[in-house]
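Asks: Just one file: work_9.txt, with compact mmCIF, C-alpha atoms.
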# COMPACT_ATOMS: atom_id res chain seq x y z
CA MET A 1 0.00 0.00 0.00
CA ASN A 2 1.12 3.55 -0.66
CA LYS A 3 1.87 5.60 2.43
CA LEU A 4 0.51 9.17 2.36
CA GLU A 5 1.79 11.54 5.05
CA TYR A 6 0.20 14.86 6.02
CA GLY A 7 2.70 16.70 8.16
CA THR A 8 0.48 19.66 9.06
CA LEU A 9 -2.20 17.36 10.47
CA ARG A 10 0.19 14.65 11.70
CA GLU A 11 -1.88 12.09 9.84
CA THR A 12 -0.80 9.03 7.85
CA ILE A 13 -3.11 7.29 5.37
CA TYR A 14 -2.45 4.08 3.44
CA HIS A 15 -3.98 3.77 -0.01
CA CYS A 16 -4.12 1.12 -2.72
CA VAL A 17 -6.17 0.17 -5.76
CA LEU A 18 -7.06 -3.49 -6.23
CA PRO A 19 -7.04 -5.09 -9.71
CA ASN A 20 -10.86 -5.04 -9.62
CA GLY A 21 -10.81 -1.23 -9.39
CA LEU A 22 -11.66 -0.83 -5.69
CA HIS A 23 -9.87 2.00 -3.88
CA ILE A 24 -8.95 1.30 -0.24
CA TYR A 25 -7.98 3.95 2.34
CA VAL A 26 -6.79 2.97 5.81
CA ASP A 27 -6.05 5.30 8.74
CA PRO A 28 -4.28 3.13 11.37
CA ARG A 29 -4.55 4.47 14.92
CA PRO A 30 -3.04 1.91 17.33
CA GLU A 31 -3.83 4.14 20.32
CA TYR A 32 -7.59 3.74 19.71
CA GLU A 33 -9.66 0.93 21.23
CA LYS A 34 -12.22 0.72 18.42
CA GLN A 35 -12.29 0.21 14.68
CA PHE A 36 -14.54 1.64 11.98
CA ALA A 37 -15.10 0.56 8.37
CA PHE A 38 -17.14 2.29 5.65
CA PHE A 39 -17.96 0.60 2.33
CA ALA A 40 -19.70 2.93 -0.13
CA THR A 41 -20.93 3.05 -3.70
CA ARG A 42 -21.38 6.07 -5.95
CA TYR A 43 -25.13 5.49 -6.18
CA GLY A 44 -27.88 7.54 -4.57
CA GLY A 45 -31.44 8.76 -4.81
CA MET A 46 -30.79 10.96 -7.82
CA ASP A 47 -29.39 8.13 -10.01
CA LEU A 48 -32.66 7.23 -11.72
CA ARG A 49 -31.34 6.86 -15.26
CA PHE A 50 -28.09 5.11 -16.13
CA GLN A 51 -26.29 3.34 -18.93
CA GLY A 52 -26.51 -0.45 -18.77
CA GLU A 53 -24.01 -3.12 -19.77
CA ASN A 54 -25.17 -3.10 -23.40
CA GLY A 55 -24.89 0.69 -23.67
CA GLN A 56 -28.64 1.31 -23.53
CA TRP A 57 -30.09 3.83 -21.10
CA ILE A 58 -32.17 2.34 -18.30
CA ASP A 59 -34.88 4.24 -16.39
CA THR A 60 -35.75 3.17 -12.83
CA PRO A 61 -38.40 4.31 -10.32
CA ALA A 62 -37.53 6.87 -7.65
CA GLY A 63 -36.36 5.23 -4.43
CA VAL A 64 -34.48 2.19 -5.78
CA ALA A 65 -31.12 3.11 -4.20
CA HIS A 66 -32.73 3.48 -0.76
CA PHE A 67 -34.81 0.30 -1.25
CA LEU A 68 -31.67 -1.61 -2.27
CA GLU A 69 -29.86 -0.39 0.84
CA HIS A 70 -32.62 -1.88 3.00
CA LYS A 71 -32.59 -5.21 1.18
CA MET A 72 -28.81 -5.70 1.09
CA PHE A 73 -28.82 -6.82 4.74
CA ASP A 74 -30.81 -9.94 3.76
CA THR A 75 -28.60 -12.96 3.06
CA GLU A 76 -29.25 -16.67 2.53
CA ASP A 77 -27.74 -17.25 5.99
CA GLY A 78 -29.94 -14.69 7.76
CA ASN A 79 -29.88 -10.97 8.47
CA ALA A 80 -26.42 -9.37 8.36
CA LEU A 81 -27.34 -6.96 11.17
CA GLN A 82 -27.88 -9.90 13.54
CA ILE A 83 -24.77 -11.70 12.34
CA MET A 84 -22.54 -8.70 12.99
CA ALA A 85 -24.22 -7.83 16.30
CA ALA A 86 -23.45 -11.37 17.51
CA ASN A 87 -19.81 -10.66 16.69
CA GLY A 88 -19.76 -7.43 18.73
CA ALA A 89 -20.26 -4.90 15.92
CA MET A 90 -22.71 -2.03 15.60
CA ASP A 91 -23.55 -1.62 11.93
CA ASN A 92 -25.89 0.45 9.81
CA ALA A 93 -26.24 2.15 6.42
CA PHE A 94 -27.55 5.32 4.78
CA THR A 95 -28.55 6.52 1.34
CA SER A 96 -28.11 10.14 0.26
CA SER A 97 -28.82 11.75 -3.09
CA SER A 98 -25.45 10.66 -4.47
CA ILE A 99 -24.01 7.77 -2.42
CA THR A 100 -25.02 4.68 -0.43
CA GLY A 101 -22.76 3.66 2.46
CA TYR A 102 -22.59 0.64 4.77
CA TYR A 103 -20.53 0.75 7.95
CA PHE A 104 -19.75 -0.85 11.28
CA GLU A 105 -17.98 0.04 14.51
CA SER A 106 -16.38 -2.55 16.78
CA THR A 107 -13.85 -3.08 19.54
CA LYS A 108 -13.19 -6.73 18.67
CA GLY A 109 -13.58 -9.15 15.78
CA PHE A 110 -12.68 -6.57 13.15
CA ALA A 111 -11.46 -9.07 10.55
CA GLU A 112 -14.60 -11.23 10.73
CA ASN A 113 -16.87 -8.18 10.71
CA LEU A 114 -15.11 -6.78 7.66
CA ARG A 115 -15.56 -10.11 5.87
CA THR A 116 -19.27 -10.01 6.68
CA LEU A 117 -19.63 -6.39 5.53
CA LEU A 118 -17.89 -6.99 2.19
CA SER A 119 -19.80 -10.24 1.65
CA PHE A 120 -23.37 -9.04 2.16
CA VAL A 121 -22.84 -5.80 0.25
CA SER A 122 -21.27 -7.53 -2.76
CA VAL A 123 -23.56 -10.61 -2.93
CA PRO A 124 -27.25 -9.68 -3.36
CA TRP A 125 -30.08 -12.02 -2.37
CA PHE A 126 -33.68 -11.00 -3.04
CA THR A 127 -36.98 -12.85 -3.22
CA LYS A 128 -40.36 -11.62 -4.42
CA GLU A 129 -41.84 -12.22 -0.96
CA SER A 130 -39.17 -10.17 0.82
CA VAL A 131 -39.42 -7.35 -1.72
CA ASP A 132 -43.20 -7.23 -1.38
CA LYS A 133 -42.86 -7.09 2.42
CA GLU A 134 -40.26 -4.33 2.21
CA GLN A 135 -42.57 -2.23 0.03
CA GLY A 136 -44.97 -2.06 2.95
CA ILE A 137 -42.24 -1.18 5.44
CA ILE A 138 -40.70 1.55 3.27
CA GLY A 139 -44.16 2.80 2.35
CA GLN A 140 -44.78 3.50 6.03
CA GLU A 141 -41.40 5.25 6.24
CA ILE A 142 -42.32 7.44 3.27
CA ARG A 143 -45.67 8.40 4.79
CA MET A 144 -43.95 9.28 8.06
CA GLY A 145 -41.56 11.51 6.12
CA GLU A 146 -44.47 13.24 4.41
CA ASP A 147 -45.87 14.02 7.88
CA ASP A 148 -42.51 15.33 9.14
CA PRO A 149 -42.24 19.15 8.80
CA ASP A 150 -38.43 19.06 8.69
CA SER A 151 -38.45 16.64 5.77
CA GLU A 152 -41.24 18.44 3.92
CA VAL A 153 -39.72 21.90 4.20
CA TYR A 154 -36.46 20.58 2.69
CA TYR A 155 -37.88 18.57 -0.21
CA ARG A 156 -40.33 21.30 -1.15
CA LEU A 157 -37.37 23.69 -1.30
CA MET A 158 -35.53 21.33 -3.68
CA GLU A 159 -38.63 21.13 -5.88
CA ALA A 160 -38.86 24.93 -5.92
CA MET A 161 -35.17 25.48 -6.73
CA TYR A 162 -34.54 22.86 -9.41
CA THR A 163 -36.13 22.52 -12.82
CA ASN A 164 -34.35 19.48 -14.29
CA HIS A 165 -31.83 18.08 -11.80
CA PRO A 166 -32.94 14.86 -10.03
CA ILE A 167 -31.82 16.26 -6.65
CA GLN A 168 -35.48 17.31 -6.37
CA ASN A 169 -36.53 13.64 -6.08
CA ARG A 170 -37.04 12.24 -2.61
CA VAL A 171 -34.35 9.69 -1.75
CA ALA A 172 -36.91 7.16 -0.48
CA GLY A 173 -39.16 7.74 -3.50
CA THR A 174 -42.95 7.76 -3.21
CA VAL A 175 -45.42 5.05 -2.28
CA GLU A 176 -46.38 4.89 -5.96
CA SER A 177 -42.81 4.73 -7.31
CA ILE A 178 -41.60 1.94 -5.01
CA ALA A 179 -44.63 -0.16 -5.98
CA GLY A 180 -42.88 -0.69 -9.32
CA ILE A 181 -39.70 -2.14 -7.77
CA THR A 182 -39.14 -5.87 -8.36
CA PRO A 183 -36.27 -8.26 -7.51
CA GLU A 184 -35.14 -7.89 -11.14
CA THR A 185 -34.95 -4.09 -10.71
CA LEU A 186 -32.76 -4.52 -7.62
CA TYR A 187 -30.47 -7.08 -9.26
CA GLN A 188 -30.08 -4.85 -12.32
CA CYS A 189 -29.11 -1.79 -10.24
CA HIS A 190 -26.79 -3.83 -8.03
CA ARG A 191 -24.94 -5.15 -11.11
CA ALA A 192 -24.53 -1.61 -12.42
CA PHE A 193 -23.55 0.31 -9.29
CA TYR A 194 -22.22 -2.22 -6.77
CA GLN A 195 -19.12 -3.16 -8.74
CA PRO A 196 -15.75 -2.52 -7.02
CA GLY A 197 -14.68 0.06 -9.60
CA ASN A 198 -17.64 2.21 -8.56
CA MET A 199 -16.98 1.79 -4.83
CA VAL A 200 -14.54 2.73 -2.07
CA LEU A 201 -13.56 1.12 1.24
CA CYS A 202 -12.29 3.27 4.11
CA ALA A 203 -11.22 1.92 7.51
CA ALA A 204 -9.71 3.53 10.61
CA GLY A 205 -8.68 2.64 14.13
CA ASN A 206 -6.58 -0.08 15.73
CA ILE A 207 -6.18 -2.06 12.49
CA SER A 208 -3.55 -3.16 9.99
CA PRO A 209 -3.65 -1.73 6.43
CA GLU A 210 -2.28 -5.01 5.08
CA GLN A 211 -5.09 -6.97 6.73
CA VAL A 212 -7.76 -4.74 5.20
CA GLU A 213 -6.24 -5.22 1.74
CA GLU A 214 -5.88 -8.98 2.21
CA ILE A 215 -9.51 -9.47 3.30
CA SER A 216 -10.75 -7.30 0.42
CA ARG A 217 -8.83 -9.43 -2.09
CA GLU A 218 -10.20 -12.57 -0.45
CA ILE A 219 -13.90 -11.61 -0.44
CA LEU A 220 -14.52 -9.36 -3.43
CA PRO A 221 -14.67 -10.30 -7.14
CA GLN A 222 -11.32 -10.19 -8.90
CA GLU A 223 -12.49 -9.09 -12.35
CA PRO A 224 -11.70 -5.47 -13.34
CA SER A 225 -14.70 -3.13 -13.14
CA PHE A 226 -15.40 0.53 -13.72
CA GLY A 227 -17.80 3.29 -12.78
CA VAL A 228 -21.28 3.63 -14.30
CA GLN A 229 -22.62 6.62 -16.22
CA SER A 230 -25.75 8.34 -14.83
CA ASP A 231 -27.95 10.85 -16.63
CA LEU A 232 -28.66 13.89 -14.45
CA GLY A 233 -31.12 15.48 -16.85
CA GLN A 234 -31.00 18.52 -19.08
CA GLU A 235 -28.80 21.51 -18.29
CA GLU A 236 -30.03 23.27 -15.17
CA PRO A 237 -30.70 27.03 -15.38
CA ALA A 238 -29.01 29.28 -12.82
CA GLN A 239 -32.34 30.74 -11.66
CA VAL A 240 -34.74 28.93 -9.33
CA LYS A 241 -37.88 27.32 -10.76
CA ARG A 242 -40.17 29.25 -8.43
CA ARG A 243 -39.59 31.67 -5.60
CA TYR A 244 -42.01 30.40 -2.96
CA THR A 245 -43.75 27.22 -1.84
CA GLU A 246 -45.74 26.44 1.28
CA ARG A 247 -47.72 23.68 2.94
CA ARG A 248 -49.92 23.68 6.04
CA MET A 249 -49.11 21.12 8.74
CA GLU A 250 -49.44 20.59 12.48
CA VAL A 251 -46.81 23.10 13.64
CA SER A 252 -47.20 25.79 16.30
CA ILE A 253 -45.13 28.45 14.52
CA PRO A 254 -44.18 28.77 10.83
CA MET A 255 -41.07 26.82 9.78
CA PHE A 256 -39.03 28.01 6.82
CA THR A 257 -35.94 27.26 4.79
CA ILE A 258 -34.32 29.73 2.41
CA GLY A 259 -32.24 28.29 -0.42
CA PHE A 260 -29.70 29.97 -2.69
CA LYS A 261 -29.01 28.01 -5.87
CA GLY A 262 -25.27 27.86 -6.48
CA ASP A 263 -23.02 26.74 -9.30
CA PRO A 264 -21.88 23.10 -9.28
CA SER A 265 -18.15 22.73 -8.73
CA SER A 266 -15.88 21.18 -11.32
CA ARG A 267 -14.31 17.82 -10.51
CA GLY A 268 -11.43 18.20 -8.07
CA LYS A 269 -12.70 21.59 -6.85
CA GLY A 270 -15.58 20.48 -4.63
CA LEU A 271 -13.67 20.54 -1.34
CA ARG A 272 -12.53 24.12 -1.83
CA GLN A 273 -16.05 25.22 -2.79
CA ARG A 274 -17.49 23.44 0.24
CA LEU A 275 -15.07 25.20 2.61
CA LEU A 276 -15.70 28.57 0.96
CA ALA A 277 -19.48 28.10 1.02
CA GLY A 278 -19.33 27.11 4.68
CA LEU A 279 -17.52 30.37 5.44
CA VAL A 280 -20.14 32.31 3.44
CA CYS A 281 -22.83 30.69 5.61
CA ASP A 282 -20.94 31.81 8.72
CA VAL A 283 -20.50 35.35 7.39
CA LEU A 284 -24.13 35.76 6.34
CA PHE A 285 -26.11 33.55 8.74
CA GLY A 286 -23.78 32.61 11.61
CA SER A 287 -24.44 33.51 15.25
CA SER A 288 -21.42 35.86 15.19
CA ALA A 289 -22.68 37.70 12.11
CA PRO A 290 -24.49 41.07 12.28
CA LEU A 291 -27.60 39.72 10.50
CA TYR A 292 -28.20 36.95 13.04
CA ASN A 293 -28.07 39.34 15.99
CA ARG A 294 -30.36 41.83 14.27
CA LEU A 295 -32.97 39.22 13.35
CA TYR A 296 -32.82 37.71 16.82
CA GLN A 297 -33.27 41.04 18.57
CA GLN A 298 -36.25 41.83 16.33
CA GLY A 299 -37.85 38.49 17.24
CA LEU A 300 -37.77 37.31 13.61
CA ILE A 301 -35.74 34.17 14.41
CA ASN A 302 -35.03 32.07 17.49
CA GLY A 303 -32.42 29.52 18.57
CA SER A 304 -33.60 27.05 15.92
CA PHE A 305 -32.05 29.14 13.12
CA SER A 306 -29.12 27.43 11.35
CA SER A 307 -27.47 27.25 7.95
CA ALA A 308 -25.57 24.77 5.77
CA TYR A 309 -24.04 24.16 2.36
CA ASP A 310 -24.76 20.99 0.42
CA ALA A 311 -23.82 19.68 -3.00
CA ALA A 312 -24.11 16.68 -5.28
CA PRO A 313 -22.84 16.06 -8.81
CA GLY A 314 -24.33 18.78 -10.96
CA CYS A 315 -25.77 20.96 -8.18
CA ALA A 316 -24.86 23.04 -5.12
CA TYR A 317 -26.81 25.26 -2.75
CA LEU A 318 -26.80 27.25 0.49
CA MET A 319 -29.65 26.82 2.98
CA ALA A 320 -30.75 28.63 6.13
CA GLY A 321 -33.89 28.31 8.17
CA GLY A 322 -35.71 27.69 11.40
CA GLU A 323 -38.89 29.12 12.94
CA SER A 324 -40.27 32.62 12.37
CA ARG A 325 -43.53 34.54 12.65
CA ASP A 326 -42.61 36.35 9.42
CA PRO A 327 -40.48 34.23 7.04
CA GLU A 328 -40.95 36.71 4.17
CA LYS A 329 -39.40 39.47 6.27
CA VAL A 330 -36.45 37.22 7.10
CA LEU A 331 -35.84 36.57 3.39
CA ALA A 332 -35.98 40.30 2.62
CA GLU A 333 -33.44 41.00 5.40
CA VAL A 334 -31.16 38.19 4.15
CA LEU A 335 -31.17 39.54 0.59
CA ALA A 336 -30.46 43.08 1.84
CA GLU A 337 -27.55 41.88 4.01
CA SER A 338 -26.00 39.75 1.25
CA GLY A 339 -26.16 42.77 -1.06
CA ARG A 340 -24.53 44.97 1.56
CA LEU A 341 -21.70 42.47 2.17
CA ALA A 342 -21.10 42.04 -1.55
CA THR A 343 -20.87 45.83 -2.02
CA GLU A 344 -19.21 47.05 1.17
CA GLY A 345 -17.15 43.94 1.82
CA ILE A 346 -16.91 41.56 4.77
CA ASP A 347 -15.47 42.90 8.02
CA ALA A 348 -11.83 41.75 7.97
CA PRO A 349 -11.45 40.85 11.70
CA LEU A 350 -14.74 38.90 11.58
CA TRP A 351 -13.53 37.02 8.49
CA GLU A 352 -10.28 35.99 10.16
CA ARG A 353 -12.07 34.80 13.31
CA LEU A 354 -14.58 32.76 11.35
CA LYS A 355 -11.88 31.25 9.15
CA LYS A 356 -9.82 30.14 12.16
CA ALA A 357 -12.89 28.72 13.88
CA ALA A 358 -13.90 26.73 10.78
CA TYR A 359 -10.39 25.33 10.38
CA GLY A 360 -10.25 24.35 14.05
CA SER A 361 -13.60 22.58 13.76
CA MET A 362 -12.34 20.45 10.86
CA VAL A 363 -9.17 19.53 12.72
CA ARG A 364 -11.25 18.40 15.72
CA GLN A 365 -13.38 16.22 13.44
CA LEU A 366 -10.29 14.13 12.76
CA ASN A 367 -10.73 12.66 16.26
CA SER A 368 -13.83 10.84 14.97
CA LEU A 369 -13.09 7.62 13.06
CA GLU A 370 -16.55 7.78 11.50
CA GLU A 371 -16.07 11.36 10.25
CA VAL A 372 -12.65 10.55 8.78
CA CYS A 373 -13.83 7.46 6.89
CA ILE A 374 -16.96 9.08 5.46
CA GLU A 375 -15.10 12.26 4.46
CA LEU A 376 -12.34 10.24 2.77
CA ALA A 377 -14.95 8.29 0.80
CA GLN A 378 -16.96 11.32 -0.30
CA ALA A 379 -13.81 13.18 -1.32
CA HIS A 380 -12.65 10.15 -3.32
CA PHE A 381 -15.88 10.13 -5.32
CA GLU A 382 -15.29 13.83 -6.06
CA GLY A 383 -11.73 13.13 -7.25
CA GLU A 384 -10.12 14.82 -4.25
CA ASP A 385 -7.98 14.21 -1.18
CA TYR A 386 -9.92 15.26 1.92
CA LEU A 387 -6.82 15.71 4.09
CA ASN A 388 -5.61 18.50 1.81
CA PHE A 389 -8.13 20.82 3.47
CA PRO A 390 -5.41 22.90 5.23
CA LYS A 391 -4.11 24.05 1.84
CA CYS A 392 -7.66 24.79 0.65
CA PHE A 393 -8.25 26.99 3.70
CA GLN A 394 -4.97 28.78 3.10
CA ASP A 395 -5.96 29.59 -0.50
CA ILE A 396 -9.42 31.00 0.32
CA GLU A 397 -9.54 34.80 0.47
CA LYS A 398 -12.18 37.24 1.72
CA ALA A 399 -12.68 38.39 -1.88
CA ASP A 400 -13.72 34.82 -2.82
CA ALA A 401 -16.53 34.91 -0.25
CA GLU A 402 -17.65 38.35 -1.43
CA ALA A 403 -17.76 37.08 -5.03
CA MET A 404 -19.89 34.09 -3.99
CA LEU A 405 -22.29 36.41 -2.14
CA ARG A 406 -22.48 38.63 -5.20
CA THR A 407 -23.20 35.68 -7.55
CA TRP A 408 -25.23 33.21 -5.50
CA CYS A 409 -27.09 35.19 -2.84
CA VAL A 410 -29.30 37.21 -5.14
CA GLU A 411 -33.06 37.37 -5.67
CA ASP A 412 -33.37 35.27 -8.84
CA ARG A 413 -31.37 32.46 -7.22
CA ALA A 414 -33.39 32.52 -4.00
CA ALA A 415 -36.31 30.28 -3.08
CA MET A 416 -38.18 29.78 0.16
CA SER A 417 -40.13 26.83 1.51
CA VAL A 418 -42.54 27.45 4.40
CA ILE A 419 -44.58 25.14 6.58
CA GLN A 420 -47.50 27.14 7.96
CA PRO A 421 -49.66 26.15 10.94
CA GLU A 422 -52.95 24.55 9.89
CA ARG A 423 -54.87 27.15 11.86
Represent the supplied structure as C-alpha cells.
Replies:
Amino acid sequence: MNKLEYGTLRETIYHCVLPNGLHIYVDPRPEYEKQFAFFATRYGGMDLRFQGENGQWIDTPAGVAHFLEHKMFDTEDGNALQIMAANGAMDNAFTSSSITGYYFESTKGFAENLRTLLSFVSVPWFTKESVDKEQGIIGQEIRMGEDDPDSEVYYRLMEAMYTNHPIQNRVAGTVESIAGITPETLYQCHRAFYQPGNMVLCAAGNISPEQVEEISREILPQEPSFGVQSDLGQEEPAQVKRRYTERRMEVSIPMFTIGFKGDPSSRGKGLRQRLLAGLVCDVLFGSSAPLYNRLYQQGLINGSFSSAYDAAPGCAYLMAGGESRDPEKVLAEVLAESGRLATEGIDAPLWERLKKAAYGSMVRQLNSLEEVCIELAQAHFEGEDYLNFPKCFQDIEKADAEAMLRTWCVEDRAAMSVIQPER
C-alpha cells in the first residue's frame, strides 16, 4: 500500500487500488480501542437513469437506491445486522442523493466483521416475498416523512429550486414509485452500481492496512470493473424554478428554509467550494454575524435558526432556516444583508475569526473515526484528497466569499419553503 503523510495534520493514510478497481484507504490508529469501516458506492437517490451493460439507457423508479440499501442486509444465511451484532459490531447504512454507504464500529472481531460487511454488500439475495414485504415497510417510512415538517420543508425547497436536476426527487421515493420495484430491478441496479470500480472502502482505528487489503482481495470479485454513467437530466438554469412554496401542517409556529441556488463545482474543486461556502454561511447567517443578531433582537428568528451548504454532482446550494412569525421578512433581510456584504465587503477581523474557527472545527473532526472514513470516501468520489483541506483553507480569500455572495445570494437564485400552521 502507498503511504501518504500529512505533516500539518500529523496524519498518515495508506492507499491502494485493487485489480478489480476498488480504492482502499486505511487510517491506522493503534492508540484507539475501536475500529470503523465504511464501504460505499457512488449510487444515490438521484441516479434514476443510467447506462446499462449493453450501452442502452435504463430508467428506474424513484427510491431504488434506498430500497436496495434496506434489502442488502438480507442474506441466505440470515440478516447481516444480527450476524454482525453477535460478533460485537454495531452496523448500519444510509442513502443520500449521491451515495449509499454501509458501515460498522467494533472493539473486537474486526477481521470477521469486515468479511461479513464486504460479503453481504457484494452478494445480493432478493426474493419476491421479501421485496413485497419491504414495500410495505418503506411505504410506512415514506408516509412518516411526508408528515414530518423538517423533511417536507427541505424537499419542497428542492422542488422549488430545481427545474431538471434529479436532486429534487425524494431519496426514499414515493409510495407509488416503489410499488414498481421488483427483484429484477434490484439485481439490475446492483450489477450496475455495486461493482468494485464504482466503490470505495475506508477503515480507521486499531487495524492493519495489510489486513484490510488482504480481506478485500479474499472476499470481493477479482475481475476489473469501472464506474457507471448516470444521466442527471438537461442543463439546469441558474435561476430557481419558483420563488415560494408552502404547505400547512401541524406546527405551532411557521417553519421556513431559504435556499440559494449555487453553481456546481468542477471535478477536483468540490472541497474548496465546500469550505468557501461554509464560510459564506458563517458570514451571512452565523451567530457571530451582524444579520443573526439583528434578526434575533427583532424576534424574527429564534435559537432554531441554522445554515448549511450541500452539494451533489451537478448541483450546489446554500440553505438557512428555522422558525419565524414572518419568514418573508427574514428573506428580505437576508437579501439586503447579502447585497450589503457584496458591495461594502466583509469585516476583515470577523472574516479571520470565522476562518480560524472553521479550520479548528475540521481539525477536531479528525478525532472521529466515522467522520474521517466518510469524508475520505466522499472526497474520493469527487476526485479529491480530503486531508488536503489545510491548503484549501490557506488559499481561500475574503474576496472569494464576497464574489460568492455577489453571484449566489441574489433574488433570482433565492427560493423559500414554508410550513404554515394549519390554523
Asks: Give the answer as one residue: which of A:Glu69, A:Glu141, A:Asp385, A:Glu337 has the shortest atom-to-atom distance to Ala289 in chain A, using all atoms listed in the file?
Replies: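 The closest residue to Ala289 in chain A is A:Glu337.
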Asks: When you count all atoms listed in the file, which of these residues is closest to Ala316 in chain A: A:Glu333, A:Asp77, A:Glu236, A:Glu370?
Replies: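 Selected residue with least distance to Ala316 in chain A: A:Glu236.
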Asks: For range 410-415 of chain A, list every protein, DNA or RNA residue within 8 Å, evaluated using all atoms listed in the file, and leave out those in the same chain fewer than 4 positions away; present the list as a ChimeraX atom specification.
Replies: /A:157,160-161,238-240,242-244,258-262,335,338-339,405-406
Asks: Rank A:Thr174, A:Asn164, A:Thr127, A:Asn92 by their smallest atom-to-atom distance to Ala62 in chain A, using all atoms listed in the file, and report the top residue only.
Replies: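 Using all atoms listed in the file, Ala62 in chain A sits closest to A:Thr174.
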Asks: How many Å lie between CA of Arg143 in chain A and CA of Met249 in chain A, rounded to one decimal?
Replies: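 So the two atoms, CA of Arg143 in chain A and CA of Met249 in chain A, lie 13.8 Å apart.
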Asks: State, in Å with one decimal place, the distance from CA of Glu352 in chain A to CA of Lys398 in chain A.
Replies: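 Interatomic distance, CA of Glu352 in chain A to CA of Lys398 in chain A: 8.7 Å.
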Asks: Expressed in Å to a single decimal, how great is the separation between CA of Gln222 in chain A and CA of Asn87 in chain A?
Replies: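 Atom-to-atom, CA of Gln222 in chain A to CA of Asn87 in chain A, that is 27.0 Å.
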Asks: Have a look at A:Ile419, A:Ala358, A:Ala399, A:Cys315 and name the one nearest to Pro166 in chain A; count only C-alpha atoms.
Replies: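 Looking only at the distances to Pro166 in chain A, the closest residue turns out to be A:Cys315.
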Asks: Pick out the residues sitting within 7 Å of Phe38 in chain A, and hand them over as a PyMOL selection string; count all atoms listed in the file, and ignore anything fewer than 6 positions along from it in its own chain.
Replies: chain A and resi 101-104+201-203+373-374
Asks: Closest to Asp347 in chain A among A:Val283, A:Gly321, A:Gly383, A:Glu250, using all atoms listed in the file?
Replies: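 Looking at the shortest contact to Asp347 in chain A, the residue is A:Val283.
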Asks: Using only C-alpha atoms, can you tell me which of A:Thr75, A:Ser304, A:Thr8, A:Ser368 comes closest to Pro390 in chain A?
Replies: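 Counting only C-alpha atoms, the residue closest to Pro390 in chain A is A:Thr8.
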Asks: List the neighbours of Phe50 in chain A out to 7 Å using all atoms listed in the file; skip same-chain residues closer than 6 positions along the sequence, and give me the result as JSON, numbers by chain.
Replies: {"A": [57, 58, 59, 229, 230, 231]}
Asks: Please, which residues in range 304-394 of chain A fall within 12 Å of range 20-23 of chain A when counting only C-alpha atoms, and what is the closest atom pair and distance in Å to one decimal for each, ordered by chain then residue number, as CSV?
Replies:
residue,atom,partner,partner_atom,distance
A:Leu376,CA,A:His23,CA,10.9
A:Ala377,CA,A:His23,CA,9.3
A:His380,CA,A:His23,CA,8.6
A:Phe381,CA,A:His23,CA,10.2
A:Gly383,CA,A:His23,CA,11.8
Asks: Neighbourhood query: residues within 12 Å of (-17.9, -10.8, 15.1), file coordinates, counting all atoms listed in the file; return as a PyMOL selection string.
Replies: chain A and resi 80-91+104-117
Asks: Name the residues, using the chain letters and numbers of the file, that sit within 12 Å of (-28.4, -3.9, -8.3) when counting only C-alpha atoms, and give them as a ChimeraX atom specification.
Replies: /A:41,43,50,52,60,64-69,71-72,121-126,181-195,228
